[in-house]
Amino acid sequence: KEVDLETYTSYAELANLDVDQFDKVIVQVEGHRECSADQRTIAALLQLKEIAAESESAQDFHPVVEVHEECTQGMLQICGFSNFVHSSSLISQALAAVSEDPKVNGIYAQLMSGEEHSFDLMHYSDILPGEEPTSVSFAELTWTLASNGDMTLLAWSRENEDGLVEWEMNPADKVAKRDWTSRDMLAVLTRIQWPDDDVGASVSMARRPSRQRASP
C-alpha cells in the first residue's frame, strides 16, 4: 500500500495503510532535507501509533525507524520508540572504513549489490524444521547454519523483560548457552545461488515466508 508523499503525515492518509495488519513496520526518511525529514517522520509515527492503539487488534507498535539526526533519537524515545537506524552515521562509518582500507570498498560493493549475497531474518525451524532447541550457543548456531547451507550467522534476537525484541550482533562469548524459544530469530548472510552458478552445489533451504511491510 502507498500513501501520498505530500500528505503522508495525515491521519486519514495513514489510516488507509491498515498498519495493524502488518508483522513489521519500517519507516524510512522522506526527502533529503535532514531536519525537515526527521520532523515529518516523528509526525507520521505519532499518527501511526495512535492508529495502531485504536485498531481492533490493539497490538504493540514497535517500528524500525530511520533517522538522519542523532538528536531525533532522543525525541523518539520520549514518544516511546526505541528501534532506530541512524543512516547518516552508517554512511560516515562506511566512508571512514574505506578511507582506512580501500579494499573494504570491494566488500561493501558485493554486499550491497544484492547479486551474490542477501540478508535474511529467519527462525531456526526454517533451517531444520521440527528440531527446535531449548538451549543453544552462538557457536552452535553458526555451525548449524554453515552445515545446512552457505549461510553466515550475524546476530540473534531475544525478548527483554518488557517483552520487546532485542538484537545482539556477534556476541563476545560465543560458547555460552542461552535459552531458546520458537519466537527467537536469526539474522543471516546468505549466498545467492543462481541457476547457472558453477561454484559448489546449489543450496536448498526452507525460507521464511516473506513479510509485508508498511512504509509511509
# chains A, B, ... in the order shown; residues from 1 in each chain; ligands from 1
$ residues_around --residues "Val19 (chain A)" --least-positions-apart "3" --cutoff "8 Å" --atoms "only C-alpha atoms" --output "list in words"
Ala15, Phe22, Val25, Leu48, Ile51, Ala52 and Ala214 of chain A
$ write_last_selection --atoms "all heavy atoms" --output "CSV table (one decimal), in the first residue's frame"
chain,number,residue,atom,x,y,z
A,15,ALA,N,-4.2,6.0,7.9
A,15,ALA,CA,-5.2,5.0,8.4
A,15,ALA,C,-5.4,4.0,7.3
A,15,ALA,O,-5.8,2.9,7.5
A,15,ALA,CB,-6.5,5.7,8.8
A,22,PHE,N,0.1,-5.7,9.6
A,22,PHE,CA,1.5,-6.0,9.2
A,22,PHE,C,2.3,-6.5,10.4
A,22,PHE,O,2.1,-6.1,11.6
A,22,PHE,CB,2.2,-4.8,8.7
A,22,PHE,CG,1.6,-4.3,7.4
A,22,PHE,CD1,0.5,-3.4,7.3
A,22,PHE,CD2,2.1,-4.8,6.2
A,22,PHE,CE1,0.0,-3.0,6.1
A,22,PHE,CE2,1.5,-4.3,5.0
A,22,PHE,CZ,0.5,-3.4,4.9
A,25,VAL,N,6.9,-3.0,10.7
A,25,VAL,CA,6.7,-1.7,10.0
A,25,VAL,C,8.1,-1.0,10.0
A,25,VAL,O,8.7,-0.9,11.0
A,25,VAL,CB,5.7,-0.8,10.8
A,25,VAL,CG1,5.6,0.6,10.1
A,25,VAL,CG2,4.3,-1.5,10.8
A,48,LEU,N,0.7,7.0,13.4
A,48,LEU,CA,0.6,5.6,13.2
A,48,LEU,C,0.4,4.9,14.6
A,48,LEU,O,-0.3,3.9,14.7
A,48,LEU,CB,1.9,5.1,12.6
A,48,LEU,CG,2.0,5.4,11.1
A,48,LEU,CD1,3.4,5.0,10.6
A,48,LEU,CD2,1.0,4.6,10.3
A,51,ILE,N,-3.1,5.2,15.5
A,51,ILE,CA,-4.0,4.3,14.7
A,51,ILE,C,-3.9,2.9,15.2
A,51,ILE,O,-4.8,2.1,15.3
A,51,ILE,CB,-3.5,4.4,13.2
A,51,ILE,CG1,-3.9,5.8,12.7
A,51,ILE,CG2,-4.1,3.3,12.4
A,51,ILE,CD1,-3.2,6.1,11.3
A,52,ALA,N,-2.6,2.4,15.5
A,52,ALA,CA,-2.4,1.0,16.0
A,52,ALA,C,-3.1,0.8,17.3
A,52,ALA,O,-3.7,-0.2,17.6
A,52,ALA,CB,-0.9,0.8,16.1
A,214,ALA,N,5.0,-2.0,5.8
A,214,ALA,CA,4.3,-0.7,5.6
A,214,ALA,C,5.3,0.4,5.7
A,214,ALA,O,6.1,0.4,6.7
A,214,ALA,CB,3.1,-0.5,6.5
$ residues_around --residues "Asn170 (chain A)" --least-positions-apart "6" --cutoff "9 Å" --atoms "only C-alpha atoms" --output "ChimeraX atom specification"
/A:138,153-156
$ select_by_dssp --residues "region 72-125 of chain A" --states "strand (DSSP E)" --output "PyMOL selection string"
chain A and resi 84-86+117-122
$ write_last_selection --atoms "N, CA and C atoms" --output "PDB file, in the first residue's frame"
ATOM      1  N   PHE A  84      16.003   2.219  16.172  1.00  0.00           N
ATOM      2  CA  PHE A  84      16.399   3.246  15.211  1.00  0.00           C
ATOM      3  C   PHE A  84      17.498   2.758  14.267  1.00  0.00           C
ATOM      4  N   VAL A  85      17.519   3.362  13.092  1.00  0.00           N
ATOM      5  CA  VAL A  85      18.628   3.211  12.150  1.00  0.00           C
ATOM      6  C   VAL A  85      19.110   4.621  11.825  1.00  0.00           C
ATOM      7  N   HIS A  86      20.307   4.966  12.315  1.00  0.00           N
ATOM      8  CA  HIS A  86      20.867   6.297  12.073  1.00  0.00           C
ATOM      9  C   HIS A  86      21.638   6.257  10.753  1.00  0.00           C
ATOM     10  N   HIS A 117      24.937 -11.927  -2.409  1.00  0.00           N
ATOM     11  CA  HIS A 117      24.543 -12.215  -1.035  1.00  0.00           C
ATOM     12  C   HIS A 117      23.262 -11.471  -0.687  1.00  0.00           C
ATOM     13  N   SER A 118      22.535 -12.014   0.261  1.00  0.00           N
ATOM     14  CA  SER A 118      21.335 -11.350   0.766  1.00  0.00           C
ATOM     15  C   SER A 118      21.280 -11.505   2.280  1.00  0.00           C
ATOM     16  N   PHE A 119      20.611 -10.571   2.926  1.00  0.00           N
ATOM     17  CA  PHE A 119      20.414 -10.626   4.362  1.00  0.00           C
ATOM     18  C   PHE A 119      19.016 -11.168   4.639  1.00  0.00           C
ATOM     19  N   ASP A 120      18.922 -12.174   5.502  1.00  0.00           N
ATOM     20  CA  ASP A 120      17.639 -12.798   5.814  1.00  0.00           C
ATOM     21  C   ASP A 120      17.415 -12.830   7.315  1.00  0.00           C
ATOM     22  N   LEU A 121      16.154 -12.696   7.716  1.00  0.00           N
ATOM     23  CA  LEU A 121      15.736 -12.930   9.093  1.00  0.00           C
ATOM     24  C   LEU A 121      14.934 -14.219   9.082  1.00  0.00           C
ATOM     25  N   MET A 122      15.311 -15.176   9.892  1.00  0.00           N
ATOM     26  CA  MET A 122      14.629 -16.465   9.867  1.00  0.00           C
ATOM     27  C   MET A 122      14.575 -17.098  11.249  1.00  0.00           C
TER      28      MET A 122
END
$ residues_around --residues "region 112-116 of chain A" --least-positions-apart "2" --cutoff "8 Å" --atoms "only C-alpha atoms" --output "list in words"
Tyr108, Ala109, Gln110, Ser118, Arg191, Ile192 and Gln193 of chain A
$ write_last_selection --atoms "all heavy atoms" --output "PDB file, in the first residue's frame"
ATOM      1  N   TYR A 108      31.932  -3.942   0.628  1.00  0.00           N
ATOM      2  CA  TYR A 108      30.675  -3.198   0.654  1.00  0.00           C
ATOM      3  C   TYR A 108      29.941  -3.327  -0.679  1.00  0.00           C
ATOM      4  O   TYR A 108      28.723  -3.528  -0.721  1.00  0.00           O
ATOM      5  CB  TYR A 108      30.933  -1.720   0.943  1.00  0.00           C
ATOM      6  CG  TYR A 108      31.238  -1.406   2.387  1.00  0.00           C
ATOM      7  CD1 TYR A 108      32.175  -0.441   2.732  1.00  0.00           C
ATOM      8  CD2 TYR A 108      30.574  -2.058   3.423  1.00  0.00           C
ATOM      9  CE1 TYR A 108      32.458  -0.143   4.061  1.00  0.00           C
ATOM     10  CE2 TYR A 108      30.846  -1.771   4.746  1.00  0.00           C
ATOM     11  CZ  TYR A 108      31.787  -0.806   5.059  1.00  0.00           C
ATOM     12  OH  TYR A 108      32.057  -0.519   6.368  1.00  0.00           O
ATOM     13  N   ALA A 109      30.675  -3.193  -1.769  1.00  0.00           N
ATOM     14  CA  ALA A 109      30.059  -3.260  -3.096  1.00  0.00           C
ATOM     15  C   ALA A 109      29.395  -4.611  -3.324  1.00  0.00           C
ATOM     16  O   ALA A 109      28.286  -4.700  -3.875  1.00  0.00           O
ATOM     17  CB  ALA A 109      31.110  -2.994  -4.174  1.00  0.00           C
ATOM     18  N   GLN A 110      30.044  -5.680  -2.887  1.00  0.00           N
ATOM     19  CA  GLN A 110      29.497  -7.017  -3.080  1.00  0.00           C
ATOM     20  C   GLN A 110      28.256  -7.238  -2.224  1.00  0.00           C
ATOM     21  O   GLN A 110      27.252  -7.792  -2.686  1.00  0.00           O
ATOM     22  CB  GLN A 110      30.557  -8.064  -2.734  1.00  0.00           C
ATOM     23  CG  GLN A 110      30.157  -9.491  -3.088  1.00  0.00           C
ATOM     24  CD  GLN A 110      31.239 -10.483  -2.754  1.00  0.00           C
ATOM     25  OE1 GLN A 110      31.334 -10.939  -1.626  1.00  0.00           O
ATOM     26  NE2 GLN A 110      32.066 -10.810  -3.725  1.00  0.00           N
ATOM     27  N   SER A 118      22.535 -12.014   0.261  1.00  0.00           N
ATOM     28  CA  SER A 118      21.335 -11.350   0.766  1.00  0.00           C
ATOM     29  C   SER A 118      21.280 -11.505   2.280  1.00  0.00           C
ATOM     30  O   SER A 118      21.854 -12.442   2.838  1.00  0.00           O
ATOM     31  CB  SER A 118      20.071 -11.955   0.139  1.00  0.00           C
ATOM     32  OG  SER A 118      19.881 -13.289   0.584  1.00  0.00           O
ATOM     33  N   ARG A 191      24.408 -16.686   0.799  1.00  0.00           N
ATOM     34  CA  ARG A 191      24.934 -16.581  -0.561  1.00  0.00           C
ATOM     35  C   ARG A 191      23.836 -16.956  -1.545  1.00  0.00           C
ATOM     36  O   ARG A 191      23.199 -17.983  -1.424  1.00  0.00           O
ATOM     37  CB  ARG A 191      26.137 -17.503  -0.771  1.00  0.00           C
ATOM     38  CG  ARG A 191      26.830 -17.292  -2.115  1.00  0.00           C
ATOM     39  CD  ARG A 191      28.105 -18.131  -2.192  1.00  0.00           C
ATOM     40  NE  ARG A 191      28.861 -17.826  -3.400  1.00  0.00           N
ATOM     41  CZ  ARG A 191      28.629 -18.375  -4.586  1.00  0.00           C
ATOM     42  NH1 ARG A 191      27.659 -19.259  -4.720  1.00  0.00           N
ATOM     43  NH2 ARG A 191      29.355 -18.052  -5.633  1.00  0.00           N
ATOM     44  N   ILE A 192      23.602 -16.079  -2.519  1.00  0.00           N
ATOM     45  CA  ILE A 192      22.565 -16.320  -3.519  1.00  0.00           C
ATOM     46  C   ILE A 192      23.082 -17.312  -4.548  1.00  0.00           C
ATOM     47  O   ILE A 192      24.170 -17.146  -5.096  1.00  0.00           O
ATOM     48  CB  ILE A 192      22.160 -15.005  -4.225  1.00  0.00           C
ATOM     49  CG1 ILE A 192      21.605 -14.013  -3.196  1.00  0.00           C
ATOM     50  CG2 ILE A 192      21.131 -15.271  -5.317  1.00  0.00           C
ATOM     51  CD1 ILE A 192      21.325 -12.642  -3.764  1.00  0.00           C
ATOM     52  N   GLN A 193      22.293 -18.339  -4.795  1.00  0.00           N
ATOM     53  CA  GLN A 193      22.654 -19.343  -5.786  1.00  0.00           C
ATOM     54  C   GLN A 193      21.795 -19.150  -7.032  1.00  0.00           C
ATOM     55  O   GLN A 193      20.581 -19.333  -6.999  1.00  0.00           O
ATOM     56  CB  GLN A 193      22.438 -20.754  -5.211  1.00  0.00           C
ATOM     57  CG  GLN A 193      23.351 -21.096  -4.041  1.00  0.00           C
ATOM     58  CD  GLN A 193      24.786 -21.350  -4.466  1.00  0.00           C
ATOM     59  OE1 GLN A 193      25.055 -21.524  -5.648  1.00  0.00           O
ATOM     60  NE2 GLN A 193      25.693 -21.360  -3.507  1.00  0.00           N
TER      61      GLN A 193
END
$ residues_around --residues "Met151 (chain A)" --least-positions-apart "2" --cutoff "7 Å" --atoms "only C-alpha atoms" --output "ChimeraX atom specification"
/A:145-146,149,153,188-191
$ select_by_dssp --residues "region 1-215 of chain A" --states "alpha helix (DSSP H)" --output "VMD selection string"
chain A and resid 11 to 15 34 to 54 70 to 78 87 to 100 104 to 113 124 to 127 138 to 147
$ residues_around --residues "Pro63 (chain A)" --least-positions-apart "4" --cutoff "10 Å" --atoms "only C-alpha atoms" --output "list in words"
Asp23, Lys24, Val25, Ile26, Val27, Leu45, Leu48, Lys49, Phe81, Ser82, Asn83, Phe84, Ala214 and Ser215 of chain A
$ closest_residue --among "A:Ser92, A:Thr41, A:Ser55, A:Asn148" --to "Met75 (chain A)" --atoms "only C-alpha atoms"
A:Thr41
$ closest_residue --among "A:Val136, A:Ser10, A:Glu159, A:Tyr124" --to "Met185 (chain A)" --atoms "only C-alpha atoms"
A:Tyr124
$ atom_distance --atom1 "CA of Asp60 (chain A)" --atom2 "CA of Glu161 (chain A)"
15.0 Å
